>>> print(open('final15.txt').read())   # compact mmCIF, C-alpha atoms and all ligand atoms
# COMPACT_ATOMS: atom_id res chain seq x y z
CA MET A 2 37.45 127.93 -142.36
CA ARG A 3 40.99 128.44 -143.62
CA PHE A 4 42.30 130.48 -146.44
CA SER A 5 45.63 131.42 -147.83
CA PHE A 6 47.09 133.12 -150.84
CA PHE A 7 48.68 129.84 -151.88
CA PRO A 8 46.43 129.41 -154.94
CA ALA A 9 47.22 133.00 -155.85
CA VAL A 10 50.94 132.29 -155.56
CA LEU A 11 50.54 129.32 -157.85
CA GLY A 12 48.40 131.28 -160.27
CA LEU A 13 50.88 134.10 -160.42
CA SER A 14 53.79 131.75 -160.96
CA LEU A 15 51.94 129.98 -163.79
CA LEU A 16 51.02 133.30 -165.30
CA ALA A 17 54.61 134.44 -165.04
CA ALA A 18 55.87 131.27 -166.70
CA GLY A 19 54.13 132.36 -169.86
CA CYS A 20 55.27 135.98 -169.62
CA ASN A 21 58.49 137.61 -170.50
CA SER A 22 59.64 137.83 -166.89
CA PRO A 23 63.12 139.14 -166.12
CA SER A 24 64.19 135.70 -164.91
CA SER A 25 63.33 134.16 -168.28
CA SER A 26 65.00 136.77 -170.46
CA PRO A 27 67.94 135.41 -172.42
CA VAL A 28 71.44 136.26 -171.17
CA ALA A 29 74.31 136.49 -173.65
CA ALA A 30 76.92 133.79 -173.14
CA THR A 31 79.61 136.30 -172.21
CA GLU A 32 77.62 138.12 -169.50
CA THR A 33 76.98 135.63 -166.75
CA PRO A 34 75.50 137.62 -163.86
CA ALA A 35 77.07 137.02 -160.45
CA THR A 36 73.66 136.32 -158.96
CA PRO A 37 70.63 135.37 -160.99
CA PRO A 38 68.09 138.19 -161.27
CA ALA A 39 65.37 137.96 -158.64
CA ASP A 40 62.06 136.50 -159.75
CA GLN A 41 59.97 139.65 -160.03
CA THR A 42 56.73 137.71 -159.70
CA LYS A 43 57.54 136.65 -156.13
CA TYR A 44 56.13 138.56 -153.19
CA VAL A 45 58.32 141.18 -151.55
CA LEU A 46 55.92 142.75 -149.05
CA VAL A 47 52.69 141.69 -147.37
CA VAL A 48 50.41 143.57 -144.97
CA HIS A 49 47.37 142.90 -142.82
CA GLY A 50 44.85 145.17 -141.16
CA GLY A 51 43.17 142.65 -138.88
CA ALA A 52 41.03 139.54 -139.21
CA GLY A 53 37.49 138.85 -138.01
CA THR A 54 33.84 139.04 -138.89
CA ILE A 55 34.31 141.05 -142.00
CA LEU A 56 31.34 140.27 -144.22
CA LYS A 57 30.52 141.90 -147.53
CA SER A 58 26.90 142.08 -146.41
CA LYS A 59 27.91 144.37 -143.54
CA MET A 60 30.23 146.60 -145.58
CA THR A 61 29.32 149.76 -147.49
CA PRO A 62 31.05 150.37 -150.84
CA GLU A 63 32.55 153.58 -149.43
CA LYS A 64 33.99 151.84 -146.40
CA GLU A 65 35.38 149.00 -148.48
CA ALA A 66 37.00 151.47 -150.87
CA ALA A 67 38.58 153.30 -147.93
CA TYR A 68 40.06 150.07 -146.53
CA ARG A 69 41.34 149.05 -149.94
CA ALA A 70 42.91 152.47 -150.49
CA ALA A 71 44.67 152.43 -147.11
CA LEU A 72 46.05 148.92 -147.62
CA THR A 73 47.17 149.81 -151.16
CA LYS A 74 48.92 152.94 -149.89
CA ALA A 75 50.71 150.92 -147.20
CA LEU A 76 51.86 148.33 -149.76
CA GLN A 77 53.04 150.99 -152.19
CA THR A 78 54.84 152.94 -149.48
CA GLY A 79 56.72 149.88 -148.26
CA TYR A 80 57.49 148.83 -151.82
CA ASP A 81 58.92 152.26 -152.66
CA GLN A 82 61.34 151.85 -149.78
CA LEU A 83 62.45 148.47 -151.11
CA GLN A 84 62.80 149.84 -154.63
CA ALA A 85 64.95 152.66 -153.29
CA GLY A 86 67.30 150.03 -151.87
CA LYS A 87 66.21 150.53 -148.25
CA THR A 88 66.11 147.60 -145.82
CA SER A 89 63.12 145.39 -145.10
CA LEU A 90 63.01 147.03 -141.64
CA ASP A 91 62.59 150.46 -143.26
CA ALA A 92 59.85 149.09 -145.52
CA VAL A 93 57.98 147.49 -142.62
CA GLU A 94 58.18 150.65 -140.52
CA ALA A 95 57.03 152.88 -143.40
CA ALA A 96 54.11 150.62 -144.36
CA ILE A 97 52.95 150.34 -140.75
CA HIS A 98 53.11 154.14 -140.35
CA ILE A 99 50.43 154.43 -143.04
CA LEU A 100 48.16 151.99 -141.23
CA GLU A 101 48.85 153.52 -137.81
CA ASP A 102 47.99 156.97 -139.15
CA SER A 103 44.71 155.73 -140.63
CA PRO A 104 41.71 155.83 -138.24
CA LEU A 105 40.35 152.69 -139.91
CA PHE A 106 42.66 150.32 -138.08
CA ASN A 107 43.18 149.45 -134.45
CA ALA A 108 46.71 150.84 -134.27
CA GLY A 109 47.97 154.37 -133.65
CA LYS A 110 45.17 156.80 -134.57
CA GLY A 111 41.97 154.77 -134.21
CA ALA A 112 43.29 152.43 -131.51
CA VAL A 113 40.60 150.88 -129.32
CA PHE A 114 39.90 152.07 -125.77
CA THR A 115 40.70 150.33 -122.51
CA HIS A 116 38.05 149.96 -119.82
CA ALA A 117 39.45 153.13 -118.24
CA GLY A 118 38.90 155.06 -121.50
CA ARG A 119 42.54 155.23 -122.55
CA ASN A 120 44.39 154.11 -125.67
CA GLU A 121 47.22 151.77 -124.68
CA MET A 122 49.19 150.56 -127.66
CA ASP A 123 51.62 147.71 -128.30
CA ALA A 124 54.08 147.16 -131.17
CA ALA A 125 57.04 145.02 -132.15
CA ILE A 126 59.54 144.76 -134.99
CA MET A 127 62.13 142.09 -135.76
CA ASP A 128 65.10 141.84 -138.10
CA GLY A 129 65.35 138.43 -139.78
CA LYS A 130 69.03 138.92 -140.59
CA THR A 131 70.34 139.56 -137.08
CA LEU A 132 67.43 138.27 -134.97
CA GLN A 133 67.45 141.62 -133.23
CA ALA A 134 64.08 142.80 -132.05
CA GLY A 135 62.37 145.73 -130.34
CA ALA A 136 58.97 146.13 -128.72
CA VAL A 137 56.84 148.52 -126.67
CA ALA A 138 53.67 147.86 -124.71
CA GLY A 139 51.05 149.99 -123.01
CA VAL A 140 52.20 153.26 -124.57
CA THR A 141 49.78 156.17 -124.70
CA VAL A 142 51.48 159.21 -126.24
CA ILE A 143 53.77 157.86 -128.98
CA ARG A 144 52.24 158.72 -132.34
CA ASN A 145 53.77 155.75 -134.16
CA PRO A 146 54.43 152.88 -131.74
CA ILE A 147 56.18 150.85 -134.46
CA SER A 148 58.92 153.50 -134.57
CA ALA A 149 59.30 153.23 -130.81
CA ALA A 150 59.73 149.47 -131.21
CA ARG A 151 62.35 150.11 -133.87
CA ALA A 152 64.16 152.59 -131.62
CA VAL A 153 64.22 150.06 -128.77
CA MET A 154 65.90 147.64 -131.18
CA ASP A 155 68.31 150.13 -132.75
CA LYS A 156 69.09 152.53 -129.93
CA SER A 157 68.93 150.58 -126.68
CA GLU A 158 70.37 147.38 -125.30
CA HIS A 159 66.90 146.08 -124.49
CA VAL A 160 64.19 144.26 -126.42
CA MET A 161 61.01 145.46 -124.71
CA MET A 162 59.93 148.59 -122.85
CA VAL A 163 56.54 149.33 -121.33
CA GLY A 164 54.41 152.29 -120.27
CA PRO A 165 55.97 155.54 -119.02
CA GLY A 166 59.52 154.18 -119.32
CA ALA A 167 59.00 153.43 -123.01
CA GLU A 168 57.55 156.91 -123.47
CA GLN A 169 60.47 158.55 -121.73
CA PHE A 170 62.81 156.64 -124.00
CA ALA A 171 60.79 157.66 -127.08
CA ARG A 172 61.05 161.31 -126.02
CA GLN A 173 64.78 160.93 -125.51
CA VAL A 174 65.37 159.53 -128.98
CA GLY A 175 63.27 162.26 -130.57
CA LEU A 176 60.13 160.41 -131.65
CA THR A 177 56.90 162.35 -132.20
CA LEU A 178 54.78 162.43 -129.06
CA VAL A 179 51.14 163.52 -129.09
CA ASP A 180 48.42 164.32 -126.63
CA PRO A 181 46.44 161.14 -125.85
CA SER A 182 43.37 162.78 -127.44
CA TYR A 183 45.08 162.38 -130.85
CA PHE A 184 44.14 158.68 -130.84
CA TYR A 185 40.42 159.30 -130.22
CA THR A 186 37.86 158.24 -132.81
CA GLU A 187 34.13 158.32 -132.21
CA GLU A 188 33.63 154.81 -133.51
CA ARG A 189 36.08 153.28 -131.03
CA TRP A 190 34.64 155.33 -128.19
CA LYS A 191 31.18 154.02 -128.99
CA GLY A 192 32.66 150.54 -129.18
CA LEU A 193 33.88 150.89 -125.62
CA GLN A 194 30.50 152.15 -124.37
CA ASP A 195 28.77 149.18 -126.02
CA ALA A 196 31.30 146.75 -124.58
CA ILE A 197 30.89 148.17 -121.08
CA ARG A 198 27.10 148.05 -121.35
CA GLU A 199 27.08 144.48 -122.57
CA ASP A 200 29.68 143.00 -120.37
CA SER A 201 31.15 144.73 -117.41
CA THR A 202 33.77 142.11 -116.71
CA LYS A 203 35.28 141.05 -120.01
CA ALA A 204 37.31 142.58 -122.78
CA ARG A 205 36.38 142.29 -126.42
CA LEU A 206 38.21 142.60 -129.67
CA ASP A 207 38.10 145.45 -132.11
CA HIS A 208 35.19 145.65 -134.57
CA ASP A 209 33.41 142.74 -132.92
CA ASP A 210 29.86 142.07 -133.73
CA ARG A 211 28.60 143.28 -130.37
CA LYS A 212 25.97 140.65 -129.80
CA ALA A 213 28.31 137.79 -130.50
CA ALA A 214 31.43 139.26 -129.00
CA ARG A 215 31.58 137.74 -125.59
CA LEU A 216 34.91 136.30 -124.70
CA GLY A 217 34.45 132.89 -123.19
CA GLY A 218 30.99 132.52 -124.71
CA GLY A 219 30.28 129.57 -126.96
CA GLN A 220 29.37 131.45 -130.12
CA HIS A 221 31.84 134.19 -130.91
CA ASP A 222 32.12 136.47 -133.86
CA TYR A 223 35.19 138.64 -133.92
CA LYS A 224 36.92 141.18 -136.02
CA PHE A 225 40.42 142.30 -135.13
CA GLY A 226 42.02 145.53 -136.31
CA THR A 227 45.68 145.07 -135.55
CA VAL A 228 48.07 145.90 -138.39
CA GLY A 229 51.22 144.16 -139.56
CA CYS A 230 53.76 143.92 -142.33
CA VAL A 231 56.47 141.53 -143.52
CA ALA A 232 59.02 142.57 -146.13
CA LEU A 233 61.87 141.02 -148.11
CA ASP A 234 64.49 143.48 -149.33
CA LYS A 235 66.86 143.39 -152.29
CA ALA A 236 69.64 141.97 -150.12
CA GLY A 237 67.36 139.03 -149.30
CA ASN A 238 66.69 140.04 -145.69
CA LEU A 239 63.33 139.61 -144.00
CA ALA A 240 61.69 141.82 -141.37
CA ALA A 241 58.32 141.71 -139.63
CA GLY A 242 56.36 144.22 -137.58
CA THR A 243 53.00 144.42 -135.79
CA SER A 244 51.17 147.33 -134.15
CA THR A 245 47.89 147.34 -132.19
CA GLY A 246 45.62 149.00 -129.67
CA GLY A 247 44.83 145.53 -128.32
CA MET A 248 41.31 144.75 -127.17
CA THR A 249 38.40 147.07 -126.46
CA ASN A 250 37.59 147.22 -122.75
CA LYS A 251 40.90 145.61 -121.76
CA LYS A 252 41.88 146.07 -118.14
CA PHE A 253 44.72 146.01 -115.68
CA GLY A 254 47.44 146.75 -118.22
CA ARG A 255 46.55 143.77 -120.39
CA VAL A 256 49.06 143.14 -123.19
CA GLY A 257 48.33 140.92 -126.19
CA ASP A 258 50.45 138.87 -128.54
CA ALA A 259 51.45 141.65 -130.95
CA PRO A 260 54.50 143.00 -129.03
CA LEU A 261 55.65 139.60 -127.79
CA ILE A 262 58.51 138.33 -129.91
CA GLY A 263 57.66 134.80 -131.00
CA ALA A 264 53.93 135.13 -130.27
CA GLY A 265 52.53 137.83 -132.57
CA THR A 266 55.74 138.88 -134.32
CA TYR A 267 58.84 137.03 -135.50
CA ALA A 268 61.38 137.14 -138.34
CA ASN A 269 64.26 134.87 -139.22
CA ASN A 270 66.06 134.80 -142.57
CA ALA A 271 66.40 131.03 -142.15
CA THR A 272 62.62 130.64 -142.22
CA ALA A 273 60.12 133.50 -142.58
CA GLY A 274 58.78 136.78 -141.28
CA ILE A 275 55.43 136.54 -139.50
CA SER A 276 52.88 139.02 -138.13
CA CYS A 277 49.68 137.87 -136.42
CA THR A 278 46.24 139.25 -135.66
CA GLY A 279 43.54 137.64 -133.58
CA TRP A 280 42.54 136.71 -130.10
CA GLY A 281 45.86 137.53 -128.46
CA GLU A 282 45.62 135.27 -125.44
CA PHE A 283 45.43 132.20 -127.71
CA PHE A 284 48.26 133.44 -129.92
CA ILE A 285 50.44 133.92 -126.85
CA ARG A 286 49.68 130.46 -125.49
CA SER A 287 50.39 128.91 -128.89
CA VAL A 288 53.56 130.98 -129.42
CA VAL A 289 52.27 131.23 -132.97
CA ALA A 290 54.94 133.17 -134.86
CA HIS A 291 57.92 131.25 -133.51
CA ASP A 292 56.09 127.95 -133.82
CA ILE A 293 55.69 128.61 -137.55
CA SER A 294 59.38 129.43 -137.84
CA ALA A 295 60.32 126.33 -135.84
CA LEU A 296 58.24 124.03 -138.06
CA MET A 297 60.04 125.44 -141.08
CA GLU A 298 63.48 125.24 -139.50
CA TYR A 299 63.30 121.86 -137.78
CA LYS A 300 60.68 120.03 -139.83
CA ASP A 301 61.37 121.56 -143.20
CA LEU A 302 57.74 122.52 -143.71
CA SER A 303 56.90 125.10 -146.38
CA VAL A 304 55.69 128.46 -145.13
CA ASP A 305 52.12 127.59 -146.10
CA GLU A 306 52.20 124.17 -144.41
CA ALA A 307 53.65 125.73 -141.27
CA THR A 308 51.11 128.57 -141.02
CA ARG A 309 48.17 126.22 -141.55
CA THR A 310 49.46 123.75 -138.98
CA VAL A 311 49.85 126.40 -136.31
CA LEU A 312 46.56 128.14 -137.02
CA GLU A 313 44.85 124.77 -136.60
CA LYS A 314 46.47 124.48 -133.18
CA VAL A 315 45.12 127.91 -132.27
CA ALA A 316 41.64 126.91 -133.44
CA LYS A 317 41.77 123.70 -131.39
CA LEU A 318 42.40 125.77 -128.28
CA GLY A 319 39.36 127.90 -129.18
CA GLY A 320 41.15 130.93 -130.60
CA ASP A 321 40.68 132.62 -133.92
CA GLY A 322 42.42 135.15 -136.10
CA GLY A 323 44.93 135.13 -138.90
CA LEU A 324 48.48 136.01 -139.90
CA ILE A 325 50.75 136.95 -142.73
CA ALA A 326 54.02 135.17 -143.46
CA LEU A 327 56.67 135.60 -146.12
CA ASP A 328 59.71 133.41 -146.65
CA ARG A 329 63.09 134.32 -148.10
CA GLN A 330 62.15 132.96 -151.52
CA GLY A 331 59.17 135.28 -151.71
CA HIS A 332 56.45 132.73 -150.95
CA ALA A 333 53.59 134.30 -149.04
CA SER A 334 50.96 132.67 -146.86
CA LEU A 335 48.03 134.64 -145.45
CA PRO A 336 45.70 132.20 -143.69
CA PHE A 337 42.89 133.04 -141.29
CA ASN A 338 40.07 131.15 -139.63
CA THR A 339 37.69 134.09 -139.33
CA ALA A 340 35.20 135.35 -141.93
CA GLY A 341 37.67 137.81 -143.39
CA MET A 342 41.03 139.50 -143.01
CA TYR A 343 42.16 142.83 -144.42
CA ARG A 344 45.28 141.88 -146.32
CA GLY A 345 47.43 142.70 -149.30
CA THR A 346 50.52 141.66 -151.21
CA ILE A 347 52.92 143.25 -153.65
CA THR A 348 55.31 141.39 -155.94
CA GLY A 349 58.77 142.43 -157.10
CA ASP A 350 57.29 143.87 -160.28
CA GLY A 351 54.94 146.08 -158.28
CA LYS A 352 51.69 144.15 -158.75
CA ILE A 353 49.37 144.87 -155.85
CA GLU A 354 46.58 142.59 -154.65
CA VAL A 355 44.25 143.58 -151.82
CA LYS A 356 41.68 141.20 -150.36
CA ILE A 357 39.20 141.40 -147.53
CA TYR A 358 36.84 138.44 -147.60
CA LYS A 359 37.27 134.71 -147.92
CA GLU A 360 37.83 133.75 -151.55
N1 LIG B 401 46.05 140.33 -131.35
C1 LIG B 401 45.60 141.59 -130.82
C2 LIG B 401 45.58 141.49 -129.32
O1 LIG B 401 45.12 140.48 -128.80
C3 LIG B 401 44.25 141.98 -131.28
C4 LIG B 401 44.09 142.07 -132.75
O2 LIG B 401 44.71 141.32 -133.50
O3 LIG B 401 43.32 142.94 -133.19
O4 LIG B 401 45.94 142.44 -128.68
>>> encode(input="final15.txt", output="structure tokens")
Amino acid sequence: MRFSFFPAVLGLSLLAAGCNSPSSSPVAATETPATPPADQTKYVLVVHGGAGTILKSKMTPEKEAAYRAALTKALQTGYDQLQAGKTSLDAVEAAIHILEDSPLFNAGKGAVFTHAGRNEMDAAIMDGKTLQAGAVAGVTVIRNPISAARAVMDKSEHVMMVGPGAEQFARQVGLTLVDPSYFYTEERWKGLQDAIREDSTKARLDHDDRKAARLGGGQHDYKFGTVGCVALDKAGNLAAGTSTGGMTNKKFGRVGDAPLIGAGTYANNATAGISCTGWGEFFIRSVVAHDISALMEYKDLSVDEATRTVLEKVAKLGGDGGLIALDRQGHASLPFNTAGMYRGTITGDGKIEVKIYKE
């Protein structure tokens, strides 16, 4: 039930070995570059738009094209930032803006509804160079929660702000605030009505197959719509960010893994940048993102070995979902233990790959 881009990484590297890549071009004896040119075939930015029961049989060609277009736009937008010499943090924020502004994903516009019929959003961002981080949770009027997370990191002495306090701060630093109705989409509203009808006591995850989506039930069948991005800039610095509406029908101010540093989001230049999507309670309990980083730092595991190991731990507890990870050498790992995960990569030479299903 696992998948990663590892074969794709290998394939690309093999392909590149036979191509005239910048790293293989001859250098005249007199001009020894101070630093070797970066391998343009390595990944520089990866995104996800949620994992879950995403089956080709349930998808229309139009819907699939729309998802692919949104993911491609996010990749290209983040890449353009990197190409312009901006930081990985800028690239992550810009790419996530695209996904937050798209009604297709459970983040920003299109966020799922709480039991009370509100949109309460969570987001986090982390700088792999400095280990600085910022996060917001339970915000309802900030158009782009990822920018609020960034502002918490850059413009306050705190790491996490919640609810009205976070919104007051966002107003103070000049972020765009909107009426809560901005986040409404009919599909998510219907999703809430279905969830309430089916189960008056439990929350469910975005895009779930309604019949199977019963938390705590034996047979579950989820689809998660959180968005995330990890980027590696020209200076070799990593950053990771995640943004979500959480779970449909969530109650009592429930917060998932996405805004929790070390659970759903983490970045460290010594290891990797990581952004998760899935059944948040299990990702929190498994401290997924930091666990991956720790396996790389203390056990010397590769990014792919580390992500697989930790996702197996999540599965053993009964949780499912997926994640994206990128290390400082440009190795990407995008495993998931659900039927599909909206995901995409872009290499230094601008080659975009978008995938949805298991391959
Ligand atoms: N991880 C998110 C949460 O539990 C949900 C998702 O990934 O869609 O809030």
>>> closest_residue(input="final15.txt", among="A:Leu72, A:Ala67, A:Ala259, A:Cys230", to="A:Met122", atoms="only C-alpha atoms")
A:Ala259
>>> closest_residue(input="final15.txt", among="A:Ile353, A:Ala196, A:Met127, A:Met248", to="A:Ala290", atoms="only C-alpha atoms")
A:Met127
>>> closest_residue(input="final15.txt", among="A:Ala340, A:Val153, A:Val113, A:Ala95", to="A:Tyr358", atoms="only C-alpha atoms")
A:Ala340
>>> residues_near_ligand(input="final15.txt", ligand="ligand LIG 401 (chain B)", cutoff="7 Å", atoms="only C-alpha atoms and all ligand atoms", output="ChimeraX atom specification")
/A:51,107,206-207,225-227,245-248,256-259,277-282
>>> residues_near_point(input="final15.txt", point="(63.3, 130.5, -147.7)", cutoff="9 Å", atoms="only C-alpha atoms", output="ChimeraX atom specification")
/A:270-273,297,303-304,327-332
>>> atom_distance(input="final15.txt", atom1="atom CA of A:Ala92", atom2="atom CA of A:Thr243")
12.8 Å
>>> atom_distance(input="final15.txt", atom1="atom CA of A:Ser103", atom2="atom CA of A:Gly50")
10.6 Å
>>> closest_residue(input="final15.txt", among="A:Glu65, A:Asp102, A:Asp350, A:Glu199", to="A:Tyr185", atoms="only C-alpha atoms")
A:Asp102
>>> residues_near_point(input="final15.txt", point="(41.0, 153.8, -123.9)", cutoff="9 Å", atoms="all atoms listed in the file", output="list in words")
Ala112, Val113, Phe114, Thr115, His116, Ala117, Gly118, Arg119, Asn120, Glu121, Tyr185, Arg189, Trp190, Leu193, Gly246, Thr249, Asn250 and Lys251 of chain A
>>> closest_residue(input="final15.txt", among="A:Asn269, A:Ser58, A:Thr73, A:Thr310", to="A:Val289", atoms="all atoms listed in the file")
A:Thr310
>>> atom_distance(input="final15.txt", atom1="atom CA of A:Pro165", atom2="atom CA of A:Pro260")
16.1 Å
>>> closest_residue(input="final15.txt", among="A:Asp155, A:Glu94, A:Asp128, A:Glu168", to="A:Thr141", atoms="all atoms listed in the file")
A:Glu168
>>> residues_around(input="final15.txt", residues="A:Gly166", least_positions_apart="3", cutoff="12 Å", atoms="only C-alpha atoms", output="list in words")
Val137, Ala138, Gly139, Val140, Thr141, Val142, Ile143, Ala149, Val153, Met161, Met162, Val163, Gln169, Phe170, Ala171, Arg172 and Gln173 of chain A
>>> residues_around(input="final15.txt", residues="A:Met342", least_positions_apart="2", cutoff="6 Å", atoms="only C-alpha atoms", output="ChimeraX atom specification")
/A:51-52,344,357
>>> build_atoms(input="final15.txt", residues="stretch 38-46 of chain A", atoms="all heavy atoms", output="short mmCIF file (atom, residue, chain, number, x, y, z; two decimals), in the frame of the given file")
data_model
loop_
_atom_site.label_atom_id
_atom_site.label_comp_id
_atom_site.auth_asym_id
_atom_site.auth_seq_id
_atom_site.Cartn_x
_atom_site.Cartn_y
_atom_site.Cartn_z
N PRO A 38 69.04 137.13 -161.60
CA PRO A 38 68.09 138.19 -161.27
C PRO A 38 66.93 137.63 -160.46
O PRO A 38 66.50 136.51 -160.68
CB PRO A 38 67.61 138.69 -162.63
CG PRO A 38 68.04 137.67 -163.62
CD PRO A 38 69.17 136.90 -163.03
N ALA A 39 66.47 138.42 -159.49
CA ALA A 39 65.37 137.96 -158.64
C ALA A 39 64.11 137.74 -159.47
O ALA A 39 63.89 138.43 -160.45
CB ALA A 39 65.11 138.99 -157.56
N ASP A 40 63.32 136.76 -159.06
CA ASP A 40 62.06 136.50 -159.75
C ASP A 40 61.08 137.61 -159.36
O ASP A 40 60.62 137.68 -158.22
CB ASP A 40 61.53 135.13 -159.32
CG ASP A 40 60.25 134.78 -160.07
OD1 ASP A 40 59.65 135.70 -160.65
OD2 ASP A 40 59.88 133.60 -160.05
N GLN A 41 60.79 138.47 -160.31
CA GLN A 41 59.97 139.65 -160.03
C GLN A 41 58.51 139.31 -159.70
O GLN A 41 57.76 140.16 -159.25
CB GLN A 41 60.01 140.61 -161.22
CG GLN A 41 61.37 141.23 -161.44
CD GLN A 41 61.79 142.11 -160.26
OE1 GLN A 41 61.15 143.11 -159.97
NE2 GLN A 41 62.83 141.71 -159.56
N THR A 42 58.12 138.06 -159.98
CA THR A 42 56.73 137.71 -159.70
C THR A 42 56.55 137.22 -158.26
O THR A 42 55.45 136.95 -157.82
CB THR A 42 56.23 136.60 -160.65
OG1 THR A 42 56.98 135.43 -160.41
CG2 THR A 42 56.37 137.03 -162.10
N LYS A 43 57.64 137.09 -157.54
CA LYS A 43 57.54 136.65 -156.13
C LYS A 43 57.15 137.82 -155.24
O LYS A 43 57.43 138.97 -155.55
CB LYS A 43 58.89 136.07 -155.68
CG LYS A 43 59.25 134.77 -156.39
CD LYS A 43 58.43 133.61 -155.84
CE LYS A 43 58.56 132.34 -156.66
NZ LYS A 43 59.92 131.81 -156.69
N TYR A 44 56.56 137.50 -154.11
CA TYR A 44 56.13 138.56 -153.19
C TYR A 44 57.33 139.18 -152.48
O TYR A 44 58.27 138.49 -152.10
CB TYR A 44 55.17 137.99 -152.15
CG TYR A 44 53.90 137.48 -152.77
CD1 TYR A 44 53.64 136.13 -152.89
CD2 TYR A 44 52.97 138.38 -153.29
CE1 TYR A 44 52.48 135.66 -153.49
CE2 TYR A 44 51.81 137.93 -153.89
CZ TYR A 44 51.57 136.57 -153.99
OH TYR A 44 50.43 136.13 -154.60
N VAL A 45 57.26 140.50 -152.29
CA VAL A 45 58.32 141.18 -151.55
C VAL A 45 57.79 141.87 -150.30
O VAL A 45 58.57 142.23 -149.41
CB VAL A 45 59.08 142.21 -152.43
CG1 VAL A 45 59.88 141.50 -153.51
CG2 VAL A 45 58.14 143.25 -153.03
N LEU A 46 56.47 142.08 -150.24
CA LEU A 46 55.92 142.75 -149.05
C LEU A 46 54.46 142.35 -148.89
O LEU A 46 53.71 142.29 -149.87
CB LEU A 46 56.04 144.27 -149.23
CG LEU A 46 55.76 145.12 -147.98
CD1 LEU A 46 56.91 146.10 -147.75
CD2 LEU A 46 54.48 145.91 -148.12
#
